[in-house]
Every structure is written in structure tokens, then in C-alpha cells.
Amino acid sequence: MRLFWEAVKGLGVTTKHLVRNLWKFSLYYVGLSKDKGVVTLEYPEERREAFPRVRLRHRLLRREDGRLRCVACYMCATACPSQCIYIEAEEDPDHPLEKRPKQFIIDLGKCAYCGFCVEACPEDALRMDIHIPELAEYRKDNLIYDIKKLTEYEEGSNN
Amino acid sequence: MSSGKRVKIIIDGREVETVAGTLLIKAAEDAGIYIPRLCYHEGLRPDGNCRMCLVEVEGMRKPVPACMTPVKEGMVVKTDTPALREHRKKVLEFILTTHPMDCPICDQAGECVLQDYYFTYSLEDRRYKEERERKPKRVYWGKNLVYDAERCILCRRCVRFLDHVTKTGELGVFERGVHSYIGLFDGRKIENNYSGNLVDLCPVGAITDLDFRFKMRVWFLERTPSVCPFCARGCNIEIHTNTNPLTNRFSRQRVFRIKPRKNLQINRWWICDEGRYSYRFIDENRILRPMIKGRETTWEAVSKKLREIIGRDVRVYLSAWMSNEELVYWKRLADFLKWKASFVRKPDGDEDALLRVKDKNPNTLTCKILGLEEEGGQEEVAVVFHFPWAGEKHSFKIGIFTNSFEGMEEWDLILPAATFAEKEGHWTNFQGLIQKFHQALQPLGESREEGEIGEVFASAFGIHMPWEREAMEREFEKEHRKWSGK
């Protein structure tokens with residue numbers, strides 16, 4: 001008998017929240033209130049604004065003259081705990097900065113999104129601030145990002 | 001240095017006994033006390049220009065450079081006082097006013113003395129806020145050297161090396177004060193056979209190696225002690241390799257560079273460029289699988305093919321590139337099978353007064369100790385090691401080679417051999433010193449060391465003769481003792 005009353009009490013709490021949020025949302029829906037209440041986010045159409053601290057997809061930055069900021073120093077690859085950054089350096093014959101990456105690959109399938117690479121970068125060439133959370137792929141190969149994929153990002157996607 | 005008189009000095013409260021006339025910095029190092037230095041190098045004449053090695057000597061008014069002060073009986077030296085620590089900070093700050101902070105680009109980062117000293121002795125911010133002095137970067141000095149005047153700290157090690165060790169004197173210091181830089185004298189290029197040593201000598205990244213430039217960061221490299229095979233001197237070297245697919249993903253190169261290892265009896269601190277830059281054969285152009293008439297086959301098929309030579313007239317050409325153990329093993333196998341054995345080697349090259357000798361093979365002396373002759377014969381079958389030209393006159397040719405060459409389809413059987421970096425063993429240099437080289441890499445493809453190949457031969461003929469390196473080593477030592485006692 002006591003258990004029955006406990007169940008009724010629990011249902012009471014649930015019902016209270018349901019009615020309150022229904023009421024709040026109804027007022028919001030007809031434009032009488034700005035408080036939406038606790039409602040599930042309609043995800044693909046609606047999305048929440050990301051905090052600036054959030055670490056997501058990487059991008060490679062360019063200098064003012066269009067050259068990649070990266071000088072292929074391997075600091076990110078050295079710092080990376082999951083060892084998912086692969087770099088090949090080459091001589092940059094025309095630029096005063098003598099070294100540039102020939103290949104720069106981040107395997108996001110292995111990446112732990114710890115941000116050590118960004119911390120380690122002495123040239124501010126690498127950031128993880130593209131706030132698009134959709135990174136799922138059907139094939140693991142597609143998660144291997146090369147220079148092309150790392151430099152092509154939609155403007156404004158990084159808050 | 002010459003007198004040989006023993007003196008006692010006190011360094012940091014510790015009593016040190018050394019030979020009169022030894023430089024203080026050397027005496028301290030031998031006793032295990034490290035005094036920081038930038039311009040001093042054991043193998044060069046002291047110059048005393050960097051002021052990093054200043055120490056306090058009781059009775060002297062000011063600190064003295066340890067690299068210019070010979071020891072004297074009863075000297076009391078302090079190498080680590082607050083005043084000296086402060087002084088080292090100031091020296092580093094002074095050097096770093098003009099030194100570019102391009103460690104991310106610099107190949108020396110990770111093995112840079114200046115970088116290490118900054119972290120050990122200074123860790124201070126730069127107070128110099130003016131525009132940094134601009135100097136020529138990327139100056140090509142000929143052969144494999146690239147000079148960066150901005151990174152240069154003007155320790156003059158390179159100038160002293162070329163003046164006193166190779167005695168060619170291509171370099172000098174030009175201009176004065178903050179504008180000074182190291183430069184080539186008019187119309188000169190550094191083309192001597194020891195130019196690679198400048199890269200090792202340079203304490204910073206001012207002189208870098210074109211051959212190694214931007215290929216690999218130094219902290220990913222594994223270092224294996226080895227012996228240079230390119231002449232009978234047997235210089236002590238270090239093979240720097242990286243076989244980790246995570247840090248060496250794009251290149252198929254496994255060996256990245258060769259560095260000298262100090263050995264006062266043989267090569268002191270140096271190696272020649274021939275030994276330094278000839279490592280490519282380890283990774284390029286290798287024979288990876290056994291071949292019958294130029295067609296790849298398996299090791300199982302090899303035994304079958306080998307049985308064809310049973311009972312025929314055979315000559316085996318051992319090579320001066322095989323280790324002591326392998327030569328002993330193969331000699332024994334040849335004697336057992338009643339094969340005629342002789343040896344082949346690379347023809348003589350040029351020599352010089354410093355290191356390089358005429359004989360361009362690492363192990364000619366062992367061949368001679370074992371009583372092998374350099375001769376050919378008219379036998380039907382030839383088993384040839386390393387040098388294809390030896391088998392020309394024979395009708396049935398079996399070769400044991402490391403690298404591919406033209407005309408492999410004429411050979412009845414070719415077996416892939418491991419290079420010196422892929423096996424361990426000993427070589428005897430021209431002075432009679434037995435030196436060990438260590439295994440730095442796994443044999444490429446299906447190649448095997450010559451001893452193991454010998455085992456394949458033995459088992460194909462139904463002989464029980466296991467390849468035991470230690471036993472062969474002991475046996476050679478016996479032979480060597482007999483020879484040196486002569």
C-alpha cells in the first residue's frame with residue numbers, strides 16, 4: 001500500500017512539470033511570454049549556440065599573404081596523445097619562412113578532441129573552433145582531413 | 001698535456017687528479033662536472049669567445065674561462081655560484097638579442113645547445129625591444145651545407161675546424177660587432193671531404209645539412225651505435241632511424257642520417273662525407289625476395305634449386321663486407337663441402353691524412369687473417385657475395401646481394417642479403433681492432449643476414465651446421481689472437 005502511494009506521488013511531480021511547461025509554452029506560442037519553458041530542441045532545424053570554449057573540428061589558418069600559417073614544426077604531432085596528426089615538411093623556396101607543410105593530415109577518427117595540438121602550436125596556425133557538431137560519416141576514410149579539407153570551411157561557421 | 005705530471009685540484013669541493021696542463025673544462029668534465037660551453041669543443045683549439053664557461057678560481061680577482069685555463073697544482077675552482085649563474089643568464093640574454101626565435105623551422109631544435117642552455121640556465125624574457133638585426137639566411141656553402149647568419153652565435157667552431165683540422169680554411173669572420181657573420185672567402189666553396197662535420201660542430205642551427213633538411217624532427221629518431229663500412233678505418237658512427245609509421249608516415253626512408261661517435265683510437269670526433277652520405281643503399285634499390293633467373297620466388301624454392309649444385313665444382317667468393325662471424329661460418333661451411341674459397345672486395349679508392357684509407361671495405365683484414373686469397377677460378381659453379389662482377393666467368397651463378405643491379409636475369413639464383421644496419425656483428429679495421437656494430441633496423445622484405453643464408457645452404461645439403469653468432473665470434477677471437485701474436 002505504501003509503495004502505491006509513492007508511485008502516485010512520483011506521478012504527481014511529473015504531471016506538475018508537464019502542466020507547467022505546457023502552460024508556459026502555450027503563452028510563448030501565442031506571444032504572451034518570452035519564456036519557452038523546458039522544451040525539447042527541434043535539433044536539425046533549430047540549434048543551440050555553442051560556447052566559445054567548445055572544441056570541435058580543426059581548421060588551418062592562413063597568413064595575410066595567403067600562405068598557410070603552419071611551418072610544419074611537428075609540435076602538434078608531438079603533443080597529440082592519440083598520434084593522429086601526420087605531417088610532411090618541405091622547403092618553401094620563395095618565402096622567407098623556409099619551411100611549409102607538404103602534407104598535413106588529421107585523422108578525426110582517432111582524434112580525442114583534447115586540444116593539445118592547438119595549445120602546442122607556436123604559430124597559431126591550428127584552431128578547433130568550427131562549431132559544426134555534425135562530424136559523423138559512413139566511412140572512416142572521410143574522417144581523414146588533409147590540407148584541403150582543413151582550410152575549406154564556411155566563413156562564419158566559427159562563431 | 002705533454003708533461004704527464006699529475007696535479008691535484010679541487011672543483012666544487014671535490015678533489016680531482018689530472019695531468020698538468022689539462023684545460024680546466026676538460027678536467028672537470030672527466031671528473032663528471034659539466035661546465036656549460038658554446039665555443040669550446042674537445043677536438044678544436046680553445047678560443048674562449050663565448051664566455052659561457054667562466055668559473056671562479058680562488059685567488060683570481062675575476063671569473064676565468066675554463067676552456068682557456070690550464071690546471072695548476074692546488075687550484076680551488078667553483079663552477080656553480082649565484083654570481084656565475086647570473087653571469088650565464090646575461091651571456092644567454094646577450095646572444096638571444098639577435099638570435100631569431102625560429103625554433104619551429106630550425107632543424108637543430110631538440111638537439112640545440114642554446115635551446116638546452118636557455119631552459120637550464122636562463123628562462124628569462126627578452127628585454128631587448130629594438131628591431132632585430134637582419135642578416136643573410138639560406139646561404140649555400142657548397143655540397144650539403146646551408147648557412148643561416150641570423151641563427152649564428154659566432155662561436156667560430158666551423159672556422160677553427162677548417163683551419164686546424166682539415167687545414168683548408170674556406171671560412172672566415174667578416175664585418176664587425178653586431179654585423180659580423182661567418183662567410184666564405186672569395187671564390188671558395190666548402191668542398192673538402194669532411195664538410196659534414198660542420199653541421200655536428202655547430203652548437204645552434206646556423207649550419208644545417210641539405211641532405212637532412214626538414215626531413216624529420218630529431219626527437220623522433222632512434223640512435224643505434226654502429227661502425228662505418230665505407231673504408232677500412234672503421235669509424236664509429238651512430239645510425240639515426242625512424243621506423244614508426246605514426247611519425248614517419250610519408251617517406252619510405254628508414255635511415256635519416258649518420259652521425260659520428262667519439263672514439264679517440266680511431267676517428268676521434270669526425271667522419272668523412274663519404275661515410276656520412278652513403279646510407280641510401282640501405283633503403284633504396286634493395287632486393288627483397290629470392291630470385292631465380294630474375295624472377296621472384298620463395299625461400300622454399302631456394303633449397304630445391306640449391307640441391308642442383310651438389311657434387312659440382314664450386315668456388316665461393318666471400319666478401320670483405322661480411323662480418324667476422326659470417327666469414328668464419330662460411331669458411332667452415334666451404335671447407336666442409338670442399339669448395340674453394342676466396343674473397344672479393346671493392347677496388348681501392350683515394351685516401352687522405354685525416355681518416356680515409358685506400359681500402360674501401362670494412363673487413364679486408366679478417367679475410368686475410370682467415371687465410372683467404374683474392375683470386376678467381378675456372379670452376380663451374382660460383383657462389384658470390386655482394387660483388388656481381390666476381391661471378392662473370394662461371395656458368396652456374398648463385399649470388400647473395402643487397403641491392404639490385406643490371407643483368408639480374410643472368411643469375412641462376414639471387415638471395416637477398418641484409419645490409420650492415422640490419423644485422424649485428426664485428427668488423428676488424430685496418431689496425432686490427434675488432435669493433436661491434438649493432439642492429440638498427442629489421443631486414444627489409446625477405447632479406448636475411450649472410451649467416452642465416454649459410455644455414456639455408458647447409459640444410460639444403462643435409463648438413464647440421466647451425467648459425468650461432470656467439471660461437472663464431474669466439475672462434476674468430478681465437479684466430480685473431482693467433483694472428484696478432486705472430
# chains A, B, ... in the order shown; residues from 1 in each chain; ligands from 1
call {"tool": "residues_around", "arguments": {"residues": "Lys189 in chain B", "least_positions_apart": "4", "cutoff": "8 Å", "atoms": "only C-alpha atoms", "output": "PyMOL selection string"}}
result
chain B and resi 141-142+170+184
call {"tool": "write_last_selection", "arguments": {"atoms": "N, CA and C atoms", "output": "tab-separated table (two decimals), in the first residue's frame"}}
result
chain	number	residue	atom	x	y	z
B	141	TRP	N	76.64	26.89	-48.96
B	141	TRP	CA	78.09	26.88	-48.84
B	141	TRP	C	78.74	25.79	-49.68
B	142	GLY	N	77.96	25.20	-50.55
B	142	GLY	CA	78.56	24.11	-51.36
B	142	GLY	C	78.28	22.78	-50.72
B	170	GLU	N	88.39	27.52	-45.62
B	170	GLU	CA	87.47	28.21	-46.53
B	170	GLU	C	86.72	29.36	-45.86
B	184	LEU	N	82.30	32.71	-46.67
B	184	LEU	CA	83.32	32.07	-47.48
B	184	LEU	C	84.28	33.12	-48.01
call {"tool": "interface_residues", "arguments": {"of": "chain B", "to": "chain A", "cutoff": "9 Å", "atoms": "only C-alpha atoms", "output": "list in words"}}
result
Asp102, Cys103, Pro104, Ile105, Cys106, Lys137, Arg138, Arg213, Phe214, Lys215, Met216, Arg217, Phe220, Leu246, Thr247, Asn248, Arg249, Phe250 and Ser251 of chain B
call {"tool": "write_last_selection", "arguments": {"atoms": "N, CA and C atoms", "output": "mmCIF file, in the first residue's frame"}}
result
data_model
loop_
_atom_site.group_PDB
_atom_site.id
_atom_site.type_symbol
_atom_site.label_atom_id
_atom_site.label_comp_id
_atom_site.auth_asym_id
_atom_site.auth_seq_id
_atom_site.Cartn_x
_atom_site.Cartn_y
_atom_site.Cartn_z
ATOM 1 N N ASP B 102 63.198 31.112 -34.327
ATOM 2 C CA ASP B 102 62.519 30.289 -35.324
ATOM 3 C C ASP B 102 62.760 28.805 -35.083
ATOM 4 N N CYS B 103 62.779 28.434 -33.817
ATOM 5 C CA CYS B 103 62.927 27.010 -33.474
ATOM 6 C C CYS B 103 61.934 26.097 -34.200
ATOM 7 N N PRO B 104 60.666 26.541 -34.437
ATOM 8 C CA PRO B 104 59.771 25.646 -35.175
ATOM 9 C C PRO B 104 60.290 25.286 -36.565
ATOM 10 N N ILE B 105 61.037 26.202 -37.199
ATOM 11 C CA ILE B 105 61.542 25.938 -38.537
ATOM 12 C C ILE B 105 62.902 25.260 -38.479
ATOM 13 N N CYS B 106 63.630 25.513 -37.404
ATOM 14 C CA CYS B 106 65.037 25.118 -37.335
ATOM 15 C C CYS B 106 65.179 23.614 -37.113
ATOM 16 N N LYS B 137 70.025 34.785 -44.845
ATOM 17 C CA LYS B 137 69.583 33.435 -44.484
ATOM 18 C C LYS B 137 69.732 32.550 -45.723
ATOM 19 N N ARG B 138 69.698 31.278 -45.513
ATOM 20 C CA ARG B 138 69.770 30.323 -46.624
ATOM 21 C C ARG B 138 70.941 30.604 -47.564
ATOM 22 N N ARG B 213 67.750 18.281 -44.262
ATOM 23 C CA ARG B 213 66.925 19.465 -44.037
ATOM 24 C C ARG B 213 65.431 19.158 -44.145
ATOM 25 N N PHE B 214 64.715 19.450 -43.073
ATOM 26 C CA PHE B 214 63.256 19.339 -42.998
ATOM 27 C C PHE B 214 62.726 17.922 -43.191
ATOM 28 N N LYS B 215 63.582 16.921 -43.171
ATOM 29 C CA LYS B 215 63.117 15.556 -43.405
ATOM 30 C C LYS B 215 62.430 14.997 -42.166
ATOM 31 N N MET B 216 62.981 15.272 -41.009
ATOM 32 C CA MET B 216 62.489 14.616 -39.802
ATOM 33 C C MET B 216 62.878 15.461 -38.593
ATOM 34 N N ARG B 217 62.035 15.506 -37.577
ATOM 35 C CA ARG B 217 62.431 16.189 -36.350
ATOM 36 C C ARG B 217 63.318 15.243 -35.552
ATOM 37 N N PHE B 220 62.284 12.342 -32.989
ATOM 38 C CA PHE B 220 61.655 11.098 -33.423
ATOM 39 C C PHE B 220 62.678 10.038 -33.810
ATOM 40 N N LEU B 246 53.703 6.179 -37.357
ATOM 41 C CA LEU B 246 52.937 7.340 -36.903
ATOM 42 C C LEU B 246 53.720 8.638 -37.067
ATOM 43 N N THR B 247 55.040 8.567 -36.931
ATOM 44 C CA THR B 247 55.826 9.791 -37.066
ATOM 45 C C THR B 247 56.597 9.835 -38.377
ATOM 46 N N ASN B 248 56.645 8.739 -39.096
ATOM 47 C CA ASN B 248 57.328 8.700 -40.390
ATOM 48 C C ASN B 248 56.375 8.063 -41.388
ATOM 49 N N ARG B 249 55.322 8.810 -41.732
ATOM 50 C CA ARG B 249 54.220 8.206 -42.466
ATOM 51 C C ARG B 249 54.399 8.288 -43.969
ATOM 52 N N PHE B 250 55.046 9.339 -44.449
ATOM 53 C CA PHE B 250 55.013 9.599 -45.883
ATOM 54 C C PHE B 250 56.251 9.123 -46.631
ATOM 55 N N SER B 251 57.402 9.092 -45.948
ATOM 56 C CA SER B 251 58.602 8.695 -46.677
ATOM 57 C C SER B 251 58.879 7.223 -46.419
#
call {"tool": "residues_around", "arguments": {"residues": "Leu150 in chain A", "least_positions_apart": "6", "cutoff": "8 Å", "atoms": "only C-alpha atoms", "output": "CSV table (one decimal) with N, CA and C atoms, in the first residue's frame"}}
result
chain,number,residue,atom,x,y,z
A,58,HIS,N,38.9,20.9,-36.5
A,58,HIS,CA,40.1,21.7,-36.7
A,58,HIS,C,40.0,22.5,-38.0
A,59,ARG,N,40.7,23.6,-38.0
A,59,ARG,CA,41.0,24.3,-39.2
A,59,ARG,C,42.4,24.8,-39.2
A,60,LEU,N,42.9,25.0,-40.4
A,60,LEU,CA,44.3,25.6,-40.6
A,60,LEU,C,44.1,27.0,-41.1
call {"tool": "atom_distance", "arguments": {"atom1": "CA of Val204 in chain B", "atom2": "CA of Thr168 in chain B"}}
result
22.8 Å
call {"tool": "residues_around", "arguments": {"residues": "Phe387 in chain B", "least_positions_apart": "5", "cutoff": "9 Å", "atoms": "only C-alpha atoms", "output": "number ranges by chain"}}
result
B: 317, 319, 344-346, 399-401
call {"tool": "write_last_selection", "arguments": {"atoms": "C-alpha atoms", "output": "PDB file, in the first residue's frame"}}
result
ATOM      1  CA  TYR B 317      83.624 -15.678 -53.286  1.00  0.00           C
ATOM      2  CA  SER B 319      83.317 -10.589 -49.408  1.00  0.00           C
ATOM      3  CA  VAL B 344      86.301 -10.184 -53.253  1.00  0.00           C
ATOM      4  CA  ARG B 345      86.319  -6.533 -52.271  1.00  0.00           C
ATOM      5  CA  LYS B 346      85.720  -3.067 -53.600  1.00  0.00           C
ATOM      6  CA  GLY B 399      74.560 -14.512 -55.840  1.00  0.00           C
ATOM      7  CA  ILE B 400      73.932 -13.096 -52.386  1.00  0.00           C
ATOM      8  CA  PHE B 401      73.361  -9.365 -52.838  1.00  0.00           C
TER       9      PHE B 401
END
call {"tool": "residues_around", "arguments": {"residues": "Gly445 in chain B", "least_positions_apart": "5", "cutoff": "12 Å", "atoms": "only C-alpha atoms", "output": "list in words"}}
result
Ile282, Asp283, Asn285, Arg286, Ile287, Leu288, Arg289, Pro290, Thr298, Thr402, Leu415, Pro416, Ala417, Ala418, Thr419 and Glu422 of chain B
call {"tool": "atom_distance", "arguments": {"atom1": "CA of Leu365 in chain B", "atom2": "CA of Phe396 in chain B"}}
result
29.0 Å
call {"tool": "atom_distance", "arguments": {"atom1": "CA of Phe174 in chain B", "atom2": "CA of Gly205 in chain B"}}
result
19.2 Å
call {"tool": "select_by_dssp", "arguments": {"residues": "range 238-407 of chain B", "states": "strand (DSSP E or B)", "output": "PyMOL selection string"}}
result
chain B and resi 238-241+255-260+263+268+286+291-292+295-296+314-319+340-344+381-385+396-401+403
call {"tool": "write_last_selection", "arguments": {"atoms": "N, CA and C atoms", "output": "CSV table (one decimal), in the first residue's frame"}}
result
chain,number,residue,atom,x,y,z
B,238,GLU,N,76.8,6.6,-35.5
B,238,GLU,CA,75.5,6.4,-34.9
B,238,GLU,C,74.6,6.4,-36.1
B,239,ILE,N,73.7,5.4,-36.2
B,239,ILE,CA,72.7,5.4,-37.3
B,239,ILE,C,71.4,6.0,-36.7
B,240,HIS,N,70.9,7.0,-37.3
B,240,HIS,CA,69.6,7.6,-36.8
B,240,HIS,C,68.5,7.1,-37.7
B,241,THR,N,67.6,6.4,-37.1
B,241,THR,CA,66.5,5.8,-37.9
B,241,THR,C,65.1,6.2,-37.3
B,255,VAL,N,66.5,5.2,-42.7
B,255,VAL,CA,67.7,5.8,-42.1
B,255,VAL,C,67.7,7.3,-42.5
B,256,PHE,N,67.8,8.1,-41.6
B,256,PHE,CA,67.7,9.6,-41.9
B,256,PHE,C,69.1,10.2,-41.9
B,257,ARG,N,70.0,9.8,-41.1
B,257,ARG,CA,71.3,10.4,-41.2
B,257,ARG,C,72.3,9.5,-40.4
B,258,ILE,N,73.6,9.8,-40.6
B,258,ILE,CA,74.7,9.1,-40.0
B,258,ILE,C,75.4,10.2,-39.2
B,259,LYS,N,75.7,10.0,-37.9
B,259,LYS,CA,76.5,10.9,-37.1
B,259,LYS,C,77.7,10.2,-36.6
B,260,PRO,N,78.8,10.9,-36.4
B,260,PRO,CA,80.0,10.3,-35.8
B,260,PRO,C,79.8,10.0,-34.3
B,263,ASN,N,85.6,8.3,-30.8
B,263,ASN,CA,86.5,7.2,-30.4
B,263,ASN,C,87.9,7.7,-30.7
B,268,ARG,N,88.4,9.7,-33.7
B,268,ARG,CA,88.2,10.9,-32.8
B,268,ARG,C,86.8,11.4,-32.9
B,286,ARG,N,66.6,-2.1,-53.1
B,286,ARG,CA,67.0,-3.4,-52.5
B,286,ARG,C,66.4,-4.6,-53.2
B,291,MET,N,65.5,-14.7,-56.0
B,291,MET,CA,65.1,-14.7,-57.5
B,291,MET,C,65.8,-15.8,-58.2
B,292,ILE,N,65.1,-16.5,-59.1
B,292,ILE,CA,65.7,-17.4,-60.0
B,292,ILE,C,65.6,-16.9,-61.4
B,295,ARG,N,63.4,-13.9,-61.8
B,295,ARG,CA,62.0,-14.0,-61.3
B,295,ARG,C,61.9,-14.3,-59.9
B,296,GLU,N,61.0,-13.5,-59.2
B,296,GLU,CA,60.9,-13.7,-57.7
B,296,GLU,C,60.4,-15.0,-57.4
B,314,VAL,N,82.7,-26.1,-57.1
B,314,VAL,CA,82.1,-24.9,-56.6
B,314,VAL,C,83.2,-24.0,-56.1
B,315,ARG,N,83.2,-22.7,-56.4
B,315,ARG,CA,84.0,-21.7,-55.8
B,315,ARG,C,83.1,-20.7,-55.1
B,316,VAL,N,83.5,-20.4,-53.8
B,316,VAL,CA,82.7,-19.3,-53.1
B,316,VAL,C,83.5,-18.1,-53.0
B,317,TYR,N,83.0,-17.0,-53.4
B,317,TYR,CA,83.6,-15.7,-53.3
B,317,TYR,C,83.0,-15.0,-52.1
B,318,LEU,N,83.7,-15.1,-50.9
B,318,LEU,CA,83.2,-14.4,-49.7
B,318,LEU,C,83.6,-12.9,-50.0
B,319,SER,N,83.0,-12.0,-49.1
B,319,SER,CA,83.3,-10.6,-49.4
B,319,SER,C,83.9,-9.9,-48.2
B,340,LYS,N,86.2,-24.4,-53.0
B,340,LYS,CA,87.3,-23.5,-53.0
B,340,LYS,C,86.8,-22.1,-52.5
B,341,ALA,N,87.5,-21.5,-51.6
B,341,ALA,CA,87.0,-20.2,-51.1
B,341,ALA,C,88.1,-19.1,-51.3
B,342,SER,N,87.6,-17.9,-51.8
B,342,SER,CA,88.5,-16.8,-51.9
B,342,SER,C,87.6,-15.6,-51.6
B,343,PHE,N,88.2,-14.4,-51.6
B,343,PHE,CA,87.3,-13.2,-51.3
B,343,PHE,C,87.4,-12.1,-52.3
B,344,VAL,N,86.3,-11.3,-52.3
B,344,VAL,CA,86.3,-10.2,-53.3
B,344,VAL,C,86.1,-8.9,-52.4
B,381,VAL,N,80.5,-23.7,-60.8
B,381,VAL,CA,79.6,-23.0,-60.0
B,381,VAL,C,80.3,-21.9,-59.2
B,382,ALA,N,79.6,-20.8,-59.1
B,382,ALA,CA,80.2,-19.7,-58.3
B,382,ALA,C,79.1,-19.3,-57.3
B,383,VAL,N,79.5,-19.2,-56.0
B,383,VAL,CA,78.6,-18.5,-55.0
B,383,VAL,C,79.3,-17.2,-54.7
B,384,VAL,N,78.6,-16.1,-55.0
B,384,VAL,CA,79.2,-14.8,-55.0
B,384,VAL,C,78.5,-13.9,-53.9
B,385,PHE,N,79.3,-13.3,-53.1
B,385,PHE,CA,78.8,-12.3,-52.1
B,385,PHE,C,79.0,-10.9,-52.6
B,396,PHE,N,77.3,-21.5,-63.8
B,396,PHE,CA,76.2,-21.5,-62.9
B,396,PHE,C,76.4,-20.5,-61.8
B,397,LYS,N,75.6,-19.5,-61.7
B,397,LYS,CA,75.9,-18.4,-60.8
B,397,LYS,C,74.9,-18.2,-59.7
B,398,ILE,N,75.3,-18.3,-58.4
B,398,ILE,CA,74.5,-18.0,-57.3
B,398,ILE,C,75.0,-16.8,-56.6
B,399,GLY,N,74.1,-15.8,-56.4
B,399,GLY,CA,74.6,-14.5,-55.8
B,399,GLY,C,73.8,-14.2,-54.5
B,400,ILE,N,74.5,-13.6,-53.6
B,400,ILE,CA,73.9,-13.1,-52.4
B,400,ILE,C,74.2,-11.6,-52.3
B,401,PHE,N,73.2,-10.8,-52.7
B,401,PHE,CA,73.4,-9.4,-52.8
B,401,PHE,C,72.4,-8.6,-52.0
B,403,ASN,N,71.6,-5.0,-53.0
B,403,ASN,CA,71.0,-4.1,-53.9
B,403,ASN,C,70.9,-4.6,-55.3
call {"tool": "select_by_dssp", "arguments": {"residues": "range 11-152 of chain A", "states": "helix (DSSP H, G or I)", "output": "number ranges by chain"}}
result
A: 11-29, 75-79, 116-120, 140-143, 147-151
